[in-house]
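Here's the structure we're looking at; comments come further down.
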Amino acid sequence: MTDSKPSLGRGWSDWQRLTGWIPSATVLAETLDGGQAFRWNRSVVGGVPSLSAKALATAEPRDVWTGQWSDCVAQLRLDGTALEWRAPAAISKRVSTALPTYLGGDTDWSALADSLPWRSDPHLAECIRAFPGLCILRQPFGETLLGFLCSATKQIVQIKQMLALIAERHGTPLVELADLSAFSGVGVNTAHLRRLPTWPELAAIPENDLRSCLLGFRAKFIAETARFLAARPGWLDETERLPYPQAKARLLELPGVGEKVADCVLLFGAGRLEAFPVDTWILKSLARRYSLADWKPAQLAQFGRAHFGPKAGLAQQCLFSWERKFGTR
DNA sequence: AGGCAGGTGGCCA
DNA sequence: TGGCCACCTGCC
């Protein structure tokens, strides 16, 4: 079977360079799979496939990240110092437009981190040094809300499983079924190439069907939030456009959305860098590194905004990543 | 083999 | 306002 012509609509586009953001492997992993987003997975491609396949021992093994958001799916890899991407050929045009925005627009993340008060804060300096150029993703608002409604007292692996199941069982395919056969052997489970259901779609799913996607008591919150939104067309879009304080106040009206989830949605799903989510990791971080043991979450949030300034959300993510990776003791 | 986990809402002083 | 506790259930 020959496939000499460039494939139109089948398989993946060629790898293309992404200009602007050049993360290390660590920072790329931390950005895509460090708790901001829950729809990225790493696979290892290349290297020595088997003992007998000496001839196939070609390229160095390297990580390829596959991720989905909205009606997009993309793969990312590091080639030397450049970040490269590709997408299913059928949607590569759409992805080429959406990907830069998803990765934080044309923000200079190193410059932004440099604007944080690290000069007078040794621990913050250490966290920034550990994850130089760490990026705050700009994810779809509604999907970010869904993701963090799943997050209560769950670890990242489990949140990823919930969302994968929701997409698999209740989402529509991202690529035409006819194109899916071209995806075997590239580290992609084609069953997972489905977009997450939208909120109107979620409103039509019985709570028990949600519950069976490993959601537990979170299913009730999602079902109730879906009903709330279904009764208010345009409410979520308006909320996304509101200034931070008003947007947060509105999100807090949703069942299952408290301070922490609201801040996560605004930080990772709306680019509001003034949001400062206080979770257990930040609780530990501030208690241990800033001697703020026994402070309550609301006080810590106030401290965070006052101490780290208008881009406190980026500082939060640096502290969070550091604490999760190095602070386990 | 059980305790625990990126929280929230409701109830009580 | 502040503190406690139930809520589900699959992982480490």
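In the structure tokens, chains take the letters A, B, ... in the order shown, each chain's residues start at 1, and ligands count up from 1 in the order shown.
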Show me a table, sorted first by chain and then by increasing residue number, of the residues of chain A having an atom at most 10 Å from chain C, each with its shortest atom pair and the distance in Å to one decimal, counting only C-alpha atoms (C1' of nucleotides) and written as a tab-separated table.
residue	atom	partner	partner_atom	distance
A:Lys154	CA	C:DG10	C1'	9.8
A:Gln155	CA	C:DC11	C1'	9.0
A:Val157	CA	C:DC11	C1'	8.9
A:Gln158	CA	C:DG10	C1'	7.8
A:Arg211	CA	C:DC8	C1'	8.8
A:Leu214	CA	C:DT9	C1'	7.2
A:Leu215	CA	C:DC8	C1'	7.3
A:Gly216	CA	C:DC8	C1'	3.9
A:Phe217	CA	C:DC8	C1'	5.1
A:Arg218	CA	C:DC8	C1'	8.0
A:Ala219	CA	C:DC8	C1'	9.4
Restricting it to N, CA and C atoms, dump the selection as a CSV table (one decimal), in the first residue's frame.
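Once written, part29.csv looks like this:
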chain,number,residue,atom,x,y,z
A,154,LYS,N,-9.5,14.4,45.2
A,154,LYS,CA,-9.1,13.4,44.3
A,154,LYS,C,-7.7,13.8,43.8
A,155,GLN,N,-6.9,12.8,43.5
A,155,GLN,CA,-5.6,13.1,42.9
A,155,GLN,C,-5.6,13.2,41.4
A,157,VAL,N,-4.3,11.8,38.9
A,157,VAL,CA,-4.5,10.6,38.1
A,157,VAL,C,-6.0,10.2,38.0
A,158,GLN,N,-6.7,10.3,39.1
A,158,GLN,CA,-8.1,9.9,39.2
A,158,GLN,C,-9.0,10.9,38.5
A,211,ARG,N,-22.4,9.4,37.7
A,211,ARG,CA,-21.8,8.8,38.9
A,211,ARG,C,-21.0,7.6,38.5
A,214,LEU,N,-16.9,7.2,37.7
A,214,LEU,CA,-15.9,7.3,38.9
A,214,LEU,C,-16.1,8.6,39.6
A,215,LEU,N,-17.3,9.3,39.4
A,215,LEU,CA,-17.4,10.6,40.0
A,215,LEU,C,-17.8,10.6,41.4
A,216,GLY,N,-18.5,9.6,41.9
A,216,GLY,CA,-18.9,9.6,43.3
A,216,GLY,C,-19.8,10.8,43.6
A,217,PHE,N,-19.7,11.4,44.7
A,217,PHE,CA,-20.6,12.5,45.1
A,217,PHE,C,-20.5,13.7,44.3
A,218,ARG,N,-19.4,13.8,43.5
A,218,ARG,CA,-19.2,14.9,42.6
A,218,ARG,C,-20.2,14.9,41.5
A,219,ALA,N,-20.8,13.8,41.2
A,219,ALA,CA,-21.8,13.7,40.1
A,219,ALA,C,-23.0,14.6,40.4
Inset, instruction - Would you kindly return, as an NGL selection string, each protein, DNA or RNA residue with an atom no farther than 12 Å from any atom of region 2-11 of chain B, considering only C-alpha atoms (C1' of nucleotides) and excluding same-chain residues fewer than 5 positions away? - result: (:A and (34-38 or 147-159 or 217-218 or 220-221 or 252 or 254-264 or 277-283 or 297 or 317 or 320-321 or 324)) or (:C and (3-12))
Inset, instruction - Write out as JSON, numbers by chain the residues lying within 6 Å of region 195-203 of chain A, counting only C-alpha atoms (C1' of nucleotides) and excluding same-chain residues fewer than 2 positions away. - result: {"A": [71, 167, 171, 172, 174, 205, 226, 227]}
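CA of Tyr102 (chain A) is positioned 4.7 Å from CA of Arg138 (chain A).
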Inset, instruction - Enumerate, as a ChimeraX atom specification, the complete set of residues in region 29-257 of chain A that a backbone-based DSSP assignment places in alpha helix (DSSP H). - result: /A:29-33,92-102,109-114,122-130,141-149,156-170,177-180,199-203,207-210,218-230,235-241,244-251
Inset, instruction - Pick out each residue of region 30-191 of chain A that DSSP on the backbone tags as strand (DSSP E); I need them as a PyMOL selection string. - result: chain A and resi 40-45+62-69+72-79+82-86
Writing out the chosen residues with N, CA and C atoms as an mmCIF file, in the first residue's frame:
data_model
loop_
_atom_site.group_PDB
_atom_site.id
_atom_site.type_symbol
_atom_site.label_atom_id
_atom_site.label_comp_id
_atom_site.auth_asym_id
_atom_site.auth_seq_id
_atom_site.Cartn_x
_atom_site.Cartn_y
_atom_site.Cartn_z
ATOM 1 N N TRP A 40 -3.984 15.538 29.176
ATOM 2 C CA TRP A 40 -2.723 15.300 28.473
ATOM 3 C C TRP A 40 -2.112 13.994 28.973
ATOM 4 N N ASN A 41 -1.549 13.230 28.030
ATOM 5 C CA ASN A 41 -0.885 11.987 28.403
ATOM 6 C C ASN A 41 0.432 11.859 27.664
ATOM 7 N N ARG A 42 1.406 11.303 28.373
ATOM 8 C CA ARG A 42 2.737 11.143 27.812
ATOM 9 C C ARG A 42 2.893 9.740 27.239
ATOM 10 N N SER A 43 3.504 9.651 26.062
ATOM 11 C CA SER A 43 3.897 8.338 25.554
ATOM 12 C C SER A 43 5.342 8.446 25.091
ATOM 13 N N VAL A 44 6.033 7.325 25.113
ATOM 14 C CA VAL A 44 7.424 7.305 24.692
ATOM 15 C C VAL A 44 7.505 6.699 23.305
ATOM 16 N N VAL A 45 8.080 7.435 22.385
ATOM 17 C CA VAL A 45 8.165 6.992 20.998
ATOM 18 C C VAL A 45 9.629 6.855 20.601
ATOM 19 N N ARG A 62 11.857 9.431 22.858
ATOM 20 C CA ARG A 62 11.504 10.730 23.444
ATOM 21 C C ARG A 62 10.026 10.796 23.773
ATOM 22 N N ASP A 63 9.730 11.730 24.651
ATOM 23 C CA ASP A 63 8.357 11.891 25.092
ATOM 24 C C ASP A 63 7.534 12.595 24.027
ATOM 25 N N VAL A 64 6.358 12.070 23.822
ATOM 26 C CA VAL A 64 5.369 12.774 23.014
ATOM 27 C C VAL A 64 4.129 12.943 23.873
ATOM 28 N N TRP A 65 3.662 14.175 23.969
ATOM 29 C CA TRP A 65 2.461 14.465 24.761
ATOM 30 C C TRP A 65 1.259 14.578 23.839
ATOM 31 N N THR A 66 0.185 13.900 24.188
ATOM 32 C CA THR A 66 -1.058 14.008 23.429
ATOM 33 C C THR A 66 -2.120 14.623 24.322
ATOM 34 N N GLY A 67 -2.732 15.677 23.842
ATOM 35 C CA GLY A 67 -3.711 16.367 24.671
ATOM 36 C C GLY A 67 -4.931 16.819 23.895
ATOM 37 N N GLN A 68 -6.009 17.022 24.615
ATOM 38 C CA GLN A 68 -7.255 17.448 23.988
ATOM 39 C C GLN A 68 -7.882 18.596 24.752
ATOM 40 N N TRP A 69 -8.494 19.474 24.027
ATOM 41 C CA TRP A 69 -9.298 20.540 24.624
ATOM 42 C C TRP A 69 -10.270 21.007 23.561
ATOM 43 N N CYS A 72 -10.238 20.236 19.769
ATOM 44 C CA CYS A 72 -8.868 20.094 19.299
ATOM 45 C C CYS A 72 -8.178 18.905 19.942
ATOM 46 N N VAL A 73 -7.246 18.289 19.198
ATOM 47 C CA VAL A 73 -6.309 17.328 19.769
ATOM 48 C C VAL A 73 -4.955 17.637 19.142
ATOM 49 N N ALA A 74 -3.908 17.589 19.964
ATOM 50 C CA ALA A 74 -2.575 17.906 19.461
ATOM 51 C C ALA A 74 -1.543 17.030 20.137
ATOM 52 N N GLN A 75 -0.432 16.841 19.463
ATOM 53 C CA GLN A 75 0.726 16.229 20.085
ATOM 54 C C GLN A 75 1.831 17.259 20.179
ATOM 55 N N LEU A 76 2.610 17.141 21.251
ATOM 56 C CA LEU A 76 3.721 18.059 21.514
ATOM 57 C C LEU A 76 4.969 17.247 21.794
ATOM 58 N N ARG A 77 6.115 17.720 21.301
ATOM 59 C CA ARG A 77 7.387 17.094 21.661
ATOM 60 C C ARG A 77 8.491 18.143 21.643
ATOM 61 N N LEU A 78 9.549 17.841 22.364
ATOM 62 C CA LEU A 78 10.710 18.711 22.397
ATOM 63 C C LEU A 78 11.736 18.177 21.414
ATOM 64 N N ASP A 79 12.206 19.044 20.523
ATOM 65 C CA ASP A 79 13.240 18.652 19.579
ATOM 66 C C ASP A 79 14.415 19.597 19.774
ATOM 67 N N ALA A 82 13.628 23.276 20.613
ATOM 68 C CA ALA A 82 12.364 23.780 20.082
ATOM 69 C C ALA A 82 11.197 22.898 20.504
ATOM 70 N N LEU A 83 10.055 23.536 20.640
ATOM 71 C CA LEU A 83 8.818 22.815 20.905
ATOM 72 C C LEU A 83 8.110 22.599 19.568
ATOM 73 N N GLU A 84 7.742 21.346 19.306
ATOM 74 C CA GLU A 84 7.069 21.029 18.051
ATOM 75 C C GLU A 84 5.683 20.469 18.318
ATOM 76 N N TRP A 85 4.805 20.658 17.350
ATOM 77 C CA TRP A 85 3.439 20.137 17.486
ATOM 78 C C TRP A 85 2.988 19.524 16.174
ATOM 79 N N ARG A 86 2.013 18.671 16.291
ATOM 80 C CA ARG A 86 1.282 18.198 15.123
ATOM 81 C C ARG A 86 -0.132 17.845 15.550
#
